[in-house]
>>> print(open('structure.cif').read())   # mmCIF, C-alpha atoms
data_work
loop_
_atom_site.label_atom_id
_atom_site.label_comp_id
_atom_site.auth_asym_id
_atom_site.auth_seq_id
_atom_site.Cartn_x
_atom_site.Cartn_y
_atom_site.Cartn_z
CA MET A 108 0.00 0.00 0.00
CA ARG A 109 1.02 3.63 -0.43
CA ILE A 110 1.70 6.06 2.41
CA SER A 111 -1.81 7.56 2.13
CA GLU A 112 -3.33 4.10 2.46
CA LEU A 113 -1.01 3.25 5.34
CA ALA A 114 -2.14 6.41 7.13
CA ARG A 115 -5.82 5.58 6.54
CA ALA A 116 -5.41 1.98 7.66
CA ALA A 117 -3.74 3.15 10.88
CA SER A 118 -6.31 5.97 11.44
CA THR A 119 -3.40 8.42 11.65
CA PRO A 120 -2.82 11.67 9.70
CA VAL A 121 -0.31 11.37 6.81
CA THR A 122 1.72 14.22 8.33
CA ALA A 123 2.15 12.16 11.51
CA VAL A 124 3.26 9.09 9.54
CA LYS A 125 5.85 11.22 7.70
CA TYR A 126 7.03 12.61 11.02
CA TYR A 127 7.51 9.09 12.45
CA GLN A 128 9.53 8.21 9.35
CA ARG A 129 11.73 11.27 9.62
CA GLU A 130 12.39 10.48 13.29
CA GLY A 131 13.37 6.89 12.45
CA LEU A 132 10.41 5.36 14.31
CA LEU A 133 9.15 3.48 11.26
CA PRO A 134 11.10 0.88 9.22
CA PRO A 135 11.48 1.95 5.58
CA GLY A 136 8.95 0.66 3.05
CA GLU A 137 9.89 -1.21 -0.11
CA LYS A 138 10.82 0.88 -3.17
CA SER A 139 8.33 -0.33 -5.77
CA ALA A 140 9.15 2.41 -8.32
CA PRO A 141 11.55 5.41 -8.35
CA ASN A 142 8.90 7.65 -6.78
CA GLN A 143 6.85 5.06 -4.96
CA THR A 144 7.26 3.13 -1.72
CA ALA A 145 5.11 0.19 -0.65
CA TYR A 146 4.09 -0.51 2.93
CA ASP A 147 2.51 -3.61 4.48
CA ASP A 148 0.48 -4.64 7.54
CA ARG A 149 3.55 -4.58 9.76
CA HIS A 150 3.84 -0.86 9.04
CA VAL A 151 0.19 -0.32 9.95
CA GLU A 152 0.74 -2.09 13.27
CA ARG A 153 3.89 -0.07 13.93
CA VAL A 154 2.25 3.29 13.14
CA ARG A 155 -0.55 2.49 15.63
CA LEU A 156 1.97 1.48 18.27
CA VAL A 157 4.16 4.56 17.79
CA ARG A 158 1.12 6.80 17.99
CA ALA A 159 -0.08 5.13 21.20
CA LEU A 160 3.38 5.50 22.79
CA LEU A 161 3.85 9.13 21.76
CA GLU A 162 0.34 10.53 22.13
CA THR A 163 -1.41 8.45 24.74
CA GLY A 164 1.66 7.29 26.64
CA GLY A 165 3.27 10.73 26.43
CA LEU A 166 6.74 9.26 25.79
CA SER A 167 9.44 11.31 24.09
CA VAL A 168 10.71 10.33 20.63
CA ALA A 169 13.99 9.17 22.20
CA VAL A 170 12.29 6.93 24.77
CA THR A 171 9.91 5.58 22.11
CA LYS A 172 12.96 4.57 20.07
CA GLN A 173 14.45 2.68 23.03
CA VAL A 174 11.19 0.85 23.66
CA LEU A 175 10.86 -0.13 19.98
CA ALA A 176 14.47 -1.38 19.93
CA VAL A 177 13.78 -3.72 22.85
CA LEU A 178 10.54 -4.91 21.26
CA ASP A 179 12.40 -5.66 18.04
CA ALA A 180 15.22 -7.60 19.74
CA GLU A 181 13.60 -11.00 19.19
CA ALA A 182 16.30 -12.84 21.14
CA ALA A 183 15.68 -11.01 24.42
CA PRO A 184 13.77 -13.05 27.02
CA LEU A 185 10.40 -11.54 27.89
CA ALA A 186 11.43 -10.69 31.46
CA GLU A 187 14.26 -8.64 30.01
CA VAL A 188 11.95 -6.90 27.55
CA PHE A 189 9.80 -6.00 30.53
CA ALA A 190 12.75 -4.75 32.61
CA VAL A 191 14.28 -2.66 29.83
CA ALA A 192 10.92 -1.23 28.79
CA GLN A 193 10.16 -0.31 32.39
CA TYR A 194 13.55 1.34 32.74
CA ALA A 195 13.17 3.29 29.47
CA MET A 196 9.74 4.46 30.57
CA THR A 197 10.76 5.51 34.06
CA THR A 198 13.92 7.55 33.49
CA PRO A 199 13.89 10.33 36.08
CA ARG A 200 12.91 13.73 34.68
CA SER A 201 15.89 15.57 36.18
CA PRO A 202 18.87 13.43 37.11
CA GLU A 203 20.07 15.93 39.74
CA SER A 204 16.98 15.44 41.90
CA GLU A 205 17.56 11.95 43.24
CA ALA A 206 15.43 10.46 45.97
CA THR A 207 16.82 10.62 49.51
CA PRO A 208 18.15 7.37 51.02
CA GLU A 209 15.47 7.69 53.75
CA ALA A 210 12.65 7.70 51.19
CA ARG A 211 14.13 4.72 49.33
CA ALA A 212 14.49 2.82 52.61
CA ARG A 213 10.89 3.61 53.52
CA ILE A 214 9.55 2.25 50.22
CA GLU A 215 11.76 -0.84 50.51
CA GLU A 216 10.43 -1.39 54.03
CA ARG A 217 6.75 -1.30 52.95
CA VAL A 218 7.44 -3.40 49.85
CA SER A 219 9.23 -6.00 51.93
CA ALA A 220 6.42 -5.91 54.54
CA ALA A 221 4.08 -6.78 51.65
CA GLY A 222 6.32 -9.76 50.83
CA TRP A 223 7.15 -8.61 47.28
CA CYS A 224 10.15 -9.95 45.44
CA ALA A 225 11.66 -6.84 43.78
CA THR A 226 15.28 -5.82 43.21
CA SER A 227 16.74 -2.48 44.27
CA ASP A 228 17.56 -1.58 40.65
CA ASN A 229 13.86 -1.58 39.73
CA PRO A 230 13.29 2.02 38.55
CA GLY A 231 9.92 2.06 40.34
CA LEU A 232 11.77 2.32 43.65
CA GLU A 233 13.31 5.66 42.67
CA THR A 234 10.01 6.95 41.24
CA ALA A 235 8.03 6.08 44.36
CA ALA A 236 10.76 7.39 46.69
CA ARG A 237 10.91 10.74 44.89
CA ALA A 238 7.14 11.05 45.30
CA LEU A 239 7.58 10.48 49.06
CA ASP A 240 10.27 13.18 49.16
CA GLY A 241 7.89 15.53 47.36
CA LEU A 242 5.16 14.85 49.92
CA ARG A 243 7.64 15.65 52.71
CA THR A 244 8.32 19.11 51.22
CA ILE A 245 4.83 20.11 52.36
CA GLY A 246 5.31 18.47 55.74
CA PHE A 247 3.40 15.29 54.93
CA ASP A 248 5.20 12.24 56.28
CA ALA A 249 3.13 9.50 54.68
CA PRO A 250 2.03 7.17 57.51
CA ASP A 251 2.09 3.37 57.14
CA ASP A 252 -1.63 3.01 56.45
CA TYR A 253 -1.42 5.59 53.63
CA LEU A 254 1.54 3.85 52.00
CA ASP A 255 0.09 0.40 52.49
CA ALA A 256 -3.15 1.46 50.78
CA TYR A 257 -1.03 2.41 47.73
CA VAL A 258 1.03 -0.78 48.00
CA SER A 259 -2.06 -2.99 47.93
CA ALA A 260 -3.61 -0.89 45.13
CA ALA A 261 -0.42 -1.40 43.09
CA ALA A 262 -0.47 -5.13 43.78
CA SER A 263 -4.06 -5.50 42.47
CA ALA A 264 -3.25 -3.52 39.32
CA ALA A 265 -0.05 -5.49 38.68
CA ARG A 266 -1.87 -8.81 39.10
CA ALA A 267 -4.45 -7.65 36.53
CA ASP A 268 -1.61 -6.53 34.19
CA VAL A 269 0.11 -9.91 34.33
CA ALA A 270 -3.13 -11.87 34.02
CA ALA A 271 -3.94 -9.90 30.86
CA LEU A 272 -0.51 -10.80 29.40
CA GLN A 273 -1.27 -14.50 29.69
CA ASP A 274 -4.24 -14.15 27.34
CA ARG A 275 -2.16 -12.60 24.54
CA ASP A 276 -1.44 -14.60 21.45
CA GLY A 277 2.30 -14.82 20.75
CA ARG A 278 5.45 -13.09 21.85
CA THR A 279 5.01 -9.79 19.98
CA ALA A 280 1.45 -9.30 21.20
CA MET A 281 2.57 -10.09 24.75
CA ALA A 282 5.57 -7.74 24.64
CA GLU A 283 3.40 -5.04 23.10
CA LEU A 284 0.92 -5.24 25.97
CA MET A 285 3.79 -5.24 28.49
CA VAL A 286 5.00 -1.93 27.12
CA ILE A 287 1.70 -0.26 26.31
CA GLY A 288 0.00 -1.64 29.42
CA THR A 289 2.81 -0.36 31.65
CA VAL A 290 2.63 3.10 30.05
CA LEU A 291 -1.17 3.33 29.90
CA GLY A 292 -1.91 1.71 33.26
CA ASP A 293 -0.56 4.94 34.80
CA PRO A 294 -3.09 7.34 33.18
CA LEU A 295 -5.85 4.71 33.55
CA PHE A 296 -5.24 4.65 37.30
CA ALA A 297 -4.68 8.42 37.48
CA GLY A 298 -8.02 9.10 35.80
CA LEU A 299 -9.90 6.60 37.95
CA ARG A 300 -8.28 7.99 41.10
CA ARG A 301 -9.61 11.47 40.28
CA LEU A 302 -13.10 10.01 39.82
CA ALA A 303 -12.73 8.10 43.08
CA GLN A 304 -11.51 11.23 44.87
CA GLN A 305 -14.64 13.07 43.80
CA ASP A 306 -16.71 10.27 45.30
CA ALA A 307 -14.63 10.19 48.48
CA THR A 308 -14.60 13.98 49.04
CA HIS A 309 -18.31 14.34 48.40
CA ASP A 310 -19.07 13.64 52.06
CA LEU A 311 -16.03 15.38 53.50
CA PHE A 312 -16.38 18.68 51.60
CA PRO A 313 -20.00 18.99 50.43
CA VAL A 314 -20.74 21.51 47.67
CA SER A 315 -24.10 22.86 46.55
CA THR A 316 -25.81 21.15 43.60
CA THR A 317 -25.35 24.31 41.51
CA ASP A 318 -21.59 24.34 42.10
CA GLU A 319 -21.37 20.72 41.16
CA ALA A 320 -23.26 21.09 37.90
CA GLY A 321 -21.14 24.06 36.85
CA ALA A 322 -17.72 22.90 38.09
CA MET B 705 16.68 36.61 54.91
CA ARG B 706 18.58 37.11 51.65
CA ILE B 707 18.05 35.07 48.49
CA SER B 708 21.07 32.85 49.28
CA GLU B 709 19.63 32.09 52.72
CA LEU B 710 16.17 31.48 51.22
CA ALA B 711 17.71 28.98 48.79
CA ARG B 712 19.58 27.21 51.58
CA ALA B 713 16.53 27.09 53.85
CA ALA B 714 14.48 25.55 51.03
CA SER B 715 17.30 23.13 50.01
CA THR B 716 17.04 24.50 46.47
CA PRO B 717 19.82 25.94 44.23
CA VAL B 718 19.88 29.75 44.02
CA THR B 719 19.60 29.50 40.22
CA ALA B 720 16.31 27.62 40.62
CA VAL B 721 14.95 30.24 43.04
CA LYS B 722 15.85 32.99 40.57
CA TYR B 723 14.15 31.04 37.80
CA TYR B 724 10.94 30.72 39.86
CA GLN B 725 11.03 34.48 40.43
CA ARG B 726 11.53 35.26 36.77
CA GLU B 727 8.58 32.99 35.89
CA GLY B 728 6.34 34.72 38.44
CA LEU B 729 5.99 31.64 40.64
CA LEU B 730 7.27 33.39 43.76
CA PRO B 731 5.79 36.52 45.39
CA PRO B 732 8.31 39.41 45.48
CA GLY B 733 10.37 39.89 48.64
CA GLU B 734 10.53 43.14 50.59
CA LYS B 735 13.03 45.77 49.39
CA SER B 736 15.14 46.33 52.50
CA ALA B 737 17.81 48.43 50.73
CA PRO B 738 18.32 49.58 47.10
CA ASN B 739 20.25 46.39 46.26
CA GLN B 740 18.79 44.05 48.83
CA THR B 741 15.55 42.11 49.10
CA ALA B 742 14.32 40.34 52.21
CA TYR B 743 12.43 37.03 52.21
CA ASP B 744 10.56 35.26 54.98
CA ASP B 745 9.32 31.78 55.93
CA ARG B 746 6.36 32.02 53.55
CA HIS B 747 8.88 32.28 50.70
CA VAL B 748 10.71 29.20 51.95
CA GLU B 749 7.44 27.26 52.00
CA ARG B 750 6.52 28.48 48.52
CA VAL B 751 9.93 27.61 47.01
CA ARG B 752 9.60 24.05 48.37
CA LEU B 753 6.08 23.78 46.99
CA VAL B 754 7.01 25.13 43.53
CA ARG B 755 9.95 22.75 43.35
CA ALA B 756 7.76 19.78 44.31
CA LEU B 757 5.18 20.71 41.66
CA LEU B 758 7.72 21.30 38.88
CA GLU B 759 10.32 18.63 39.56
CA THR B 760 8.54 15.81 41.31
CA GLY B 761 5.07 16.44 39.98
CA GLY B 762 6.38 17.17 36.49
CA LEU B 763 3.93 20.06 35.96
CA SER B 764 4.64 22.79 33.44
CA VAL B 765 5.28 26.36 34.62
CA ALA B 766 1.86 27.39 33.24
CA VAL B 767 -0.02 24.65 35.12
CA THR B 768 1.98 25.33 38.29
CA LYS B 769 0.82 28.95 38.09
CA GLN B 770 -2.83 27.88 37.82
CA VAL B 771 -2.49 25.58 40.82
CA LEU B 772 -0.84 28.30 42.92
CA ALA B 773 -3.58 30.77 41.97
CA VAL B 774 -6.27 28.40 43.24
CA LEU B 775 -4.32 27.72 46.42
CA ASP B 776 -3.99 31.46 47.02
CA ALA B 777 -7.70 32.18 46.46
CA GLU B 778 -8.58 32.00 50.16
CA ALA B 779 -12.31 32.48 49.47
CA ALA B 780 -12.73 29.36 47.34
CA PRO B 781 -14.44 26.42 49.10
CA LEU B 782 -12.15 23.42 49.50
CA ALA B 783 -14.20 21.23 47.15
CA GLU B 784 -13.67 23.87 44.45
CA VAL B 785 -9.95 24.07 45.15
CA PHE B 786 -9.86 20.31 44.68
CA ALA B 787 -11.90 20.41 41.45
CA VAL B 788 -9.88 23.25 39.87
CA ALA B 789 -6.57 21.76 40.93
CA GLN B 790 -7.58 18.39 39.48
CA TYR B 791 -8.63 20.04 36.25
CA ALA B 792 -5.40 22.07 35.98
CA MET B 793 -3.38 18.95 36.58
CA THR B 794 -5.21 16.76 34.10
CA THR B 795 -5.33 18.92 30.96
CA PRO B 796 -5.04 16.56 28.00
CA ARG B 797 -1.61 16.56 26.34
CA SER B 798 -2.94 17.03 22.81
CA PRO B 799 -6.44 18.48 22.53
CA GLU B 800 -7.00 16.90 19.10
CA SER B 801 -6.79 13.36 20.46
CA GLU B 802 -10.02 13.12 22.43
CA ALA B 803 -11.28 9.87 23.86
CA THR B 804 -13.91 7.98 21.86
CA PRO B 805 -17.49 8.03 23.18
CA GLU B 806 -17.26 4.22 23.52
CA ALA B 807 -14.28 4.44 25.87
CA ARG B 808 -15.95 7.17 27.96
CA ALA B 809 -19.13 5.07 28.19
CA ARG B 810 -17.09 2.03 29.26
CA ILE B 811 -15.39 3.93 32.09
CA GLU B 812 -18.72 5.44 33.19
CA GLU B 813 -20.25 1.95 33.22
CA ARG B 814 -17.53 0.49 35.50
CA VAL B 815 -17.54 3.57 37.76
CA SER B 816 -21.28 3.38 38.11
CA ALA B 817 -21.07 -0.39 38.75
CA ALA B 818 -18.71 0.50 41.62
CA GLY B 819 -21.38 2.88 42.96
CA TRP B 820 -19.20 6.00 42.76
CA CYS B 821 -20.73 9.45 42.77
CA ALA B 822 -18.72 11.31 40.08
CA THR B 823 -19.79 13.90 37.49
CA SER B 824 -19.13 13.58 33.76
CA ASP B 825 -17.03 16.80 33.78
CA ASN B 826 -14.46 15.19 36.08
CA PRO B 827 -11.26 15.31 33.98
CA GLY B 828 -10.34 11.85 35.19
CA LEU B 829 -13.02 10.39 32.92
CA GLU B 830 -11.26 11.70 29.80
CA THR B 831 -7.83 10.61 31.07
CA ALA B 832 -8.97 7.06 31.82
CA ALA B 833 -10.96 6.80 28.57
CA ARG B 834 -7.97 7.89 26.46
CA ALA B 835 -5.89 5.20 28.16
CA LEU B 836 -8.54 2.63 27.16
CA ASP B 837 -8.42 3.89 23.57
CA GLY B 838 -4.64 3.54 23.63
CA LEU B 839 -4.92 -0.06 24.82
CA ARG B 840 -7.34 -0.77 21.95
CA THR B 841 -4.75 0.39 19.37
CA ILE B 842 -2.78 -2.78 20.16
CA GLY B 843 -5.91 -4.90 20.07
CA PHE B 844 -6.38 -5.08 23.84
CA ASP B 845 -10.02 -4.68 24.80
CA ALA B 846 -9.70 -4.40 28.55
CA PRO B 847 -12.09 -6.98 30.06
CA ASP B 848 -14.28 -6.21 33.09
CA ASP B 849 -12.03 -7.94 35.62
CA TYR B 850 -9.02 -5.93 34.39
CA LEU B 851 -10.86 -2.61 34.66
CA ASP B 852 -12.47 -3.49 37.97
CA ALA B 853 -9.05 -4.30 39.46
CA TYR B 854 -8.00 -0.74 38.54
CA VAL B 855 -11.29 0.70 39.81
CA SER B 856 -10.89 -0.89 43.22
CA ALA B 857 -7.19 0.06 43.34
CA ALA B 858 -8.17 3.69 42.65
CA ALA B 859 -10.85 3.56 45.35
CA SER B 860 -8.35 2.37 48.01
CA ALA B 861 -5.86 5.08 47.05
CA ALA B 862 -8.52 7.81 47.03
CA ARG B 863 -9.79 6.75 50.46
CA ALA B 864 -6.22 6.98 51.79
CA ASP B 865 -5.84 10.42 50.14
CA VAL B 866 -8.98 11.79 51.77
CA ALA B 867 -8.20 10.24 55.15
CA ALA B 868 -4.79 11.96 55.09
CA LEU B 869 -6.47 15.32 54.40
CA GLN B 870 -8.49 15.07 57.59
CA ASP B 871 -5.32 14.98 59.68
CA ARG B 872 -3.99 18.26 58.24
CA ASP B 873 -3.92 21.33 60.41
CA GLY B 874 -5.76 24.23 58.75
CA ARG B 875 -7.05 25.14 55.35
CA THR B 876 -3.73 25.92 53.62
CA ALA B 877 -2.13 22.69 54.78
CA MET B 878 -5.21 20.76 53.65
CA ALA B 879 -5.37 22.44 50.24
CA GLU B 880 -1.62 21.93 49.80
CA LEU B 881 -1.95 18.20 50.39
CA MET B 882 -4.94 18.03 48.01
CA VAL B 883 -2.81 19.46 45.24
CA ILE B 884 0.51 17.83 45.98
CA GLY B 885 -1.11 14.54 46.99
CA THR B 886 -3.10 14.42 43.76
CA VAL B 887 0.02 15.12 41.69
CA LEU B 888 2.38 12.87 43.62
CA GLY B 889 -0.04 10.00 44.20
CA ASP B 890 0.37 9.26 40.47
CA PRO B 891 4.17 8.66 40.51
CA LEU B 892 3.87 6.97 43.94
CA PHE B 893 1.46 4.46 42.45
CA ALA B 894 3.38 4.22 39.16
CA GLY B 895 6.60 3.37 41.01
CA LEU B 896 4.92 0.83 43.28
CA ARG B 897 3.15 -0.77 40.30
CA ARG B 898 6.52 -1.37 38.60
CA LEU B 899 7.83 -3.00 41.78
CA ALA B 900 4.64 -5.08 42.01
CA GLN B 901 4.94 -6.07 38.35
CA GLN B 902 8.43 -7.41 38.99
CA ASP B 903 7.03 -9.51 41.82
CA ALA B 904 4.06 -10.68 39.72
CA THR B 905 6.12 -11.55 36.61
CA HIS B 906 8.75 -13.41 38.59
CA ASP B 907 6.74 -16.62 38.40
CA LEU B 908 5.35 -16.07 34.91
CA PHE B 909 8.66 -15.21 33.17
CA PRO B 910 11.50 -16.56 35.32
CA VAL B 911 15.01 -15.19 34.70
CA SER B 912 18.32 -16.59 35.90
CA THR B 913 19.79 -15.20 39.14
CA THR B 914 22.68 -13.65 37.18
CA ASP B 915 20.31 -11.78 34.88
CA GLU B 916 18.38 -10.52 37.83
CA ALA B 917 21.40 -9.19 39.71
CA GLY B 918 22.73 -7.40 36.62
CA ALA B 919 19.42 -6.19 35.14
#
>>> encode(input="structure.cif", output="structure tokens")
Amino acid sequence: MRISELARAASTPVTAVKYYQREGLLPPGEKSAPNQTAYDDRHVERVRLVRALLETGGLSVAVTKQVLAVLDAEAAPLAEVFAVAQYAMTTPRSPESEATPEARARIEERVSAAGWCATSDNPGLETAARALDGLRTIGFDAPDDYLDAYVSAAASAARADVAALQDRDGRTAMAELMVIGTVLGDPLFAGLRRLAQQDATHDLFPVSTTDEAGA
Amino acid sequence: MRISELARAASTPVTAVKYYQREGLLPPGEKSAPNQTAYDDRHVERVRLVRALLETGGLSVAVTKQVLAVLDAEAAPLAEVFAVAQYAMTTPRSPESEATPEARARIEERVSAAGWCATSDNPGLETAARALDGLRTIGFDAPDDYLDAYVSAAASAARADVAALQDRDGRTAMAELMVIGTVLGDPLFAGLRRLAQQDATHDLFPVSTTDEAGA
């Protein structure tokens, strides 16, 4: 198919497809004539994936490239694909603001209390610890019951993530869901938490019906 | 105190403090001499807060400004502070990629099955629905048990969020935790989910001990 057909098949604007090409996110098509390039179903799949990573996942072009490289390394065991993808997707925003050792120790303590088997190089440890440090800057020392509520919430979500992987047909489909599910589980949870907060604050901070309708 | 003392008290580099000032994120200090400006404890608190929002929360300067404006509007009822802060913090990345009506309906269906009281203008609905659309681009139609695991995870986290608010001393401290807790609950959960995934995949995709130590 031509580039216009590729774009239509992937429900993506042609300008976006050309952009992915220019950034090296799309393998080249086959030259079928001096001025014509042919694309196939693998390209359609890849355009959809790149779009999901960039637009819905909010990844940068550089991180998207890393994730695609791991996905394409057929020899890598799936656990490694998962680890590398997680790492690529969790690179700290500013390397100079590392979590304090206290915050890391606190997360490790709750994780170990929950009986999880996780290594200290898991990038999630740094992410969670930096969040704790951020909460401390406003004088909020997250108590055990607060942290443990998040720990058990994370455990339920992760169990659902892994269960979903087992239903996927083949290695590529599984690896794809690992990557996309890890990226998109975050906004899925974030959105649902905001809905749940509205429910939970309804009693604590009542507003008038008019306010609510217009908010 | 002088700007160097303000920076030290807030454990923030002087260059960052100057940047916050230039961007209008910090109220001006008091001119104590032609070449000298004095800052107080409120500035220290604000520098810490701005840093947490920008660096740990990952908000843009524009969104940080909106959040600070709501926090500073003393007359606003707390439920409104919460709603506006949530909205400011959940603005879609690219306005042209809206969630499909099907995905919104699906989220509303699961939320209503959970018995939550949430309005359709809650920005979390759009965020969660776009994540569902993203999952569909790789052919993953999230089944009920997957979504409900996320719904109940979000409910536990939101209950912990609201319970923590009730222990805060005074309106400013409460509003601060609403904002910072909403922002930082996301990376806290995201980090913990990656740790939980490692635990959950350990059995499904075993790796050798050497791989694990070096990963």
>>> interface_residues(input="structure.cif", of="chain B", to="chain A", cutoff="7 Å", atoms="all atoms listed in the file", output="PDB file with C-alpha atoms, keeping the file's coordinate frame")
ATOM      1  CA  ARG B 752       9.600  24.050  48.370  1.00  0.00           C
ATOM      2  CA  LEU B 753       6.080  23.780  46.990  1.00  0.00           C
ATOM      3  CA  ALA B 756       7.760  19.780  44.310  1.00  0.00           C
ATOM      4  CA  THR B 760       8.540  15.810  41.310  1.00  0.00           C
ATOM      5  CA  LEU B 782     -12.150  23.420  49.500  1.00  0.00           C
ATOM      6  CA  ALA B 783     -14.200  21.230  47.150  1.00  0.00           C
ATOM      7  CA  TRP B 820     -19.200   6.000  42.760  1.00  0.00           C
ATOM      8  CA  CYS B 821     -20.730   9.450  42.770  1.00  0.00           C
ATOM      9  CA  ALA B 822     -18.720  11.310  40.080  1.00  0.00           C
ATOM     10  CA  ASN B 826     -14.460  15.190  36.080  1.00  0.00           C
ATOM     11  CA  GLY B 828     -10.340  11.850  35.190  1.00  0.00           C
ATOM     12  CA  LEU B 829     -13.020  10.390  32.920  1.00  0.00           C
ATOM     13  CA  THR B 831      -7.830  10.610  31.070  1.00  0.00           C
ATOM     14  CA  ALA B 832      -8.970   7.060  31.820  1.00  0.00           C
ATOM     15  CA  ARG B 834      -7.970   7.890  26.460  1.00  0.00           C
ATOM     16  CA  ALA B 835      -5.890   5.200  28.160  1.00  0.00           C
ATOM     17  CA  GLY B 838      -4.640   3.540  23.630  1.00  0.00           C
ATOM     18  CA  LEU B 839      -4.920  -0.060  24.820  1.00  0.00           C
ATOM     19  CA  THR B 841      -4.750   0.390  19.370  1.00  0.00           C
ATOM     20  CA  ILE B 842      -2.780  -2.780  20.160  1.00  0.00           C
ATOM     21  CA  TYR B 850      -9.020  -5.930  34.390  1.00  0.00           C
ATOM     22  CA  ALA B 853      -9.050  -4.300  39.460  1.00  0.00           C
ATOM     23  CA  TYR B 854      -8.000  -0.740  38.540  1.00  0.00           C
ATOM     24  CA  VAL B 855     -11.290   0.700  39.810  1.00  0.00           C
ATOM     25  CA  ALA B 857      -7.190   0.060  43.340  1.00  0.00           C
ATOM     26  CA  ALA B 858      -8.170   3.690  42.650  1.00  0.00           C
ATOM     27  CA  ALA B 859     -10.850   3.560  45.350  1.00  0.00           C
ATOM     28  CA  SER B 860      -8.350   2.370  48.010  1.00  0.00           C
ATOM     29  CA  ALA B 861      -5.860   5.080  47.050  1.00  0.00           C
ATOM     30  CA  ALA B 862      -8.520   7.810  47.030  1.00  0.00           C
ATOM     31  CA  ARG B 863      -9.790   6.750  50.460  1.00  0.00           C
ATOM     32  CA  ALA B 864      -6.220   6.980  51.790  1.00  0.00           C
ATOM     33  CA  VAL B 866      -8.980  11.790  51.770  1.00  0.00           C
ATOM     34  CA  ILE B 884       0.510  17.830  45.980  1.00  0.00           C
ATOM     35  CA  GLY B 885      -1.110  14.540  46.990  1.00  0.00           C
ATOM     36  CA  LEU B 888       2.380  12.870  43.620  1.00  0.00           C
ATOM     37  CA  ASP B 890       0.370   9.260  40.470  1.00  0.00           C
ATOM     38  CA  PRO B 891       4.170   8.660  40.510  1.00  0.00           C
ATOM     39  CA  LEU B 892       3.870   6.970  43.940  1.00  0.00           C
ATOM     40  CA  PHE B 893       1.460   4.460  42.450  1.00  0.00           C
ATOM     41  CA  ALA B 894       3.380   4.220  39.160  1.00  0.00           C
ATOM     42  CA  GLY B 895       6.600   3.370  41.010  1.00  0.00           C
ATOM     43  CA  LEU B 896       4.920   0.830  43.280  1.00  0.00           C
ATOM     44  CA  ARG B 897       3.150  -0.770  40.300  1.00  0.00           C
ATOM     45  CA  ARG B 898       6.520  -1.370  38.600  1.00  0.00           C
ATOM     46  CA  LEU B 899       7.830  -3.000  41.780  1.00  0.00           C
ATOM     47  CA  ALA B 900       4.640  -5.080  42.010  1.00  0.00           C
ATOM     48  CA  GLN B 901       4.940  -6.070  38.350  1.00  0.00           C
ATOM     49  CA  GLN B 902       8.430  -7.410  38.990  1.00  0.00           C
ATOM     50  CA  ASP B 903       7.030  -9.510  41.820  1.00  0.00           C
ATOM     51  CA  ALA B 904       4.060 -10.680  39.720  1.00  0.00           C
ATOM     52  CA  THR B 905       6.120 -11.550  36.610  1.00  0.00           C
ATOM     53  CA  PHE B 909       8.660 -15.210  33.170  1.00  0.00           C
ATOM     54  CA  VAL B 911      15.010 -15.190  34.700  1.00  0.00           C
TER      55      VAL B 911
END
>>> closest_residue(input="structure.cif", among="B:Ala713, B:Val785, B:Asp848, B:Val883", to="B:Arg814", atoms="all atoms listed in the file")
B:Asp848
>>> atom_distance(input="structure.cif", atom1="atom CA of A:Tyr126", atom2="atom CA of A:Thr144")
15.9 Å
>>> atom_distance(input="structure.cif", atom1="atom CA of A:Tyr146", atom2="atom CA of A:Leu113")
6.8 Å
>>> atom_distance(input="structure.cif", atom1="atom CA of B:Thr716", atom2="atom CA of B:Ala773")
22.0 Å
>>> closest_residue(input="structure.cif", among="B:Gln740, B:Glu734, B:His747, B:Val771", to="B:Val721", atoms="only C-alpha atoms")
B:His747
>>> resolve_selection(input="structure.cif", expression="the PyMOL selection byres ((chain B and resi 769) around 12)", output="list in words")
Tyr724, Gln725, Glu727, Gly728, Leu729, Leu730, Pro731, Arg750, Leu753, Val754, Leu757, Leu758, Leu763, Ser764, Val765, Ala766, Val767, Thr768, Gln770, Val771, Leu772, Ala773, Val774, Leu775, Asp776, Ala789, Ala792 and Met793 of chain B
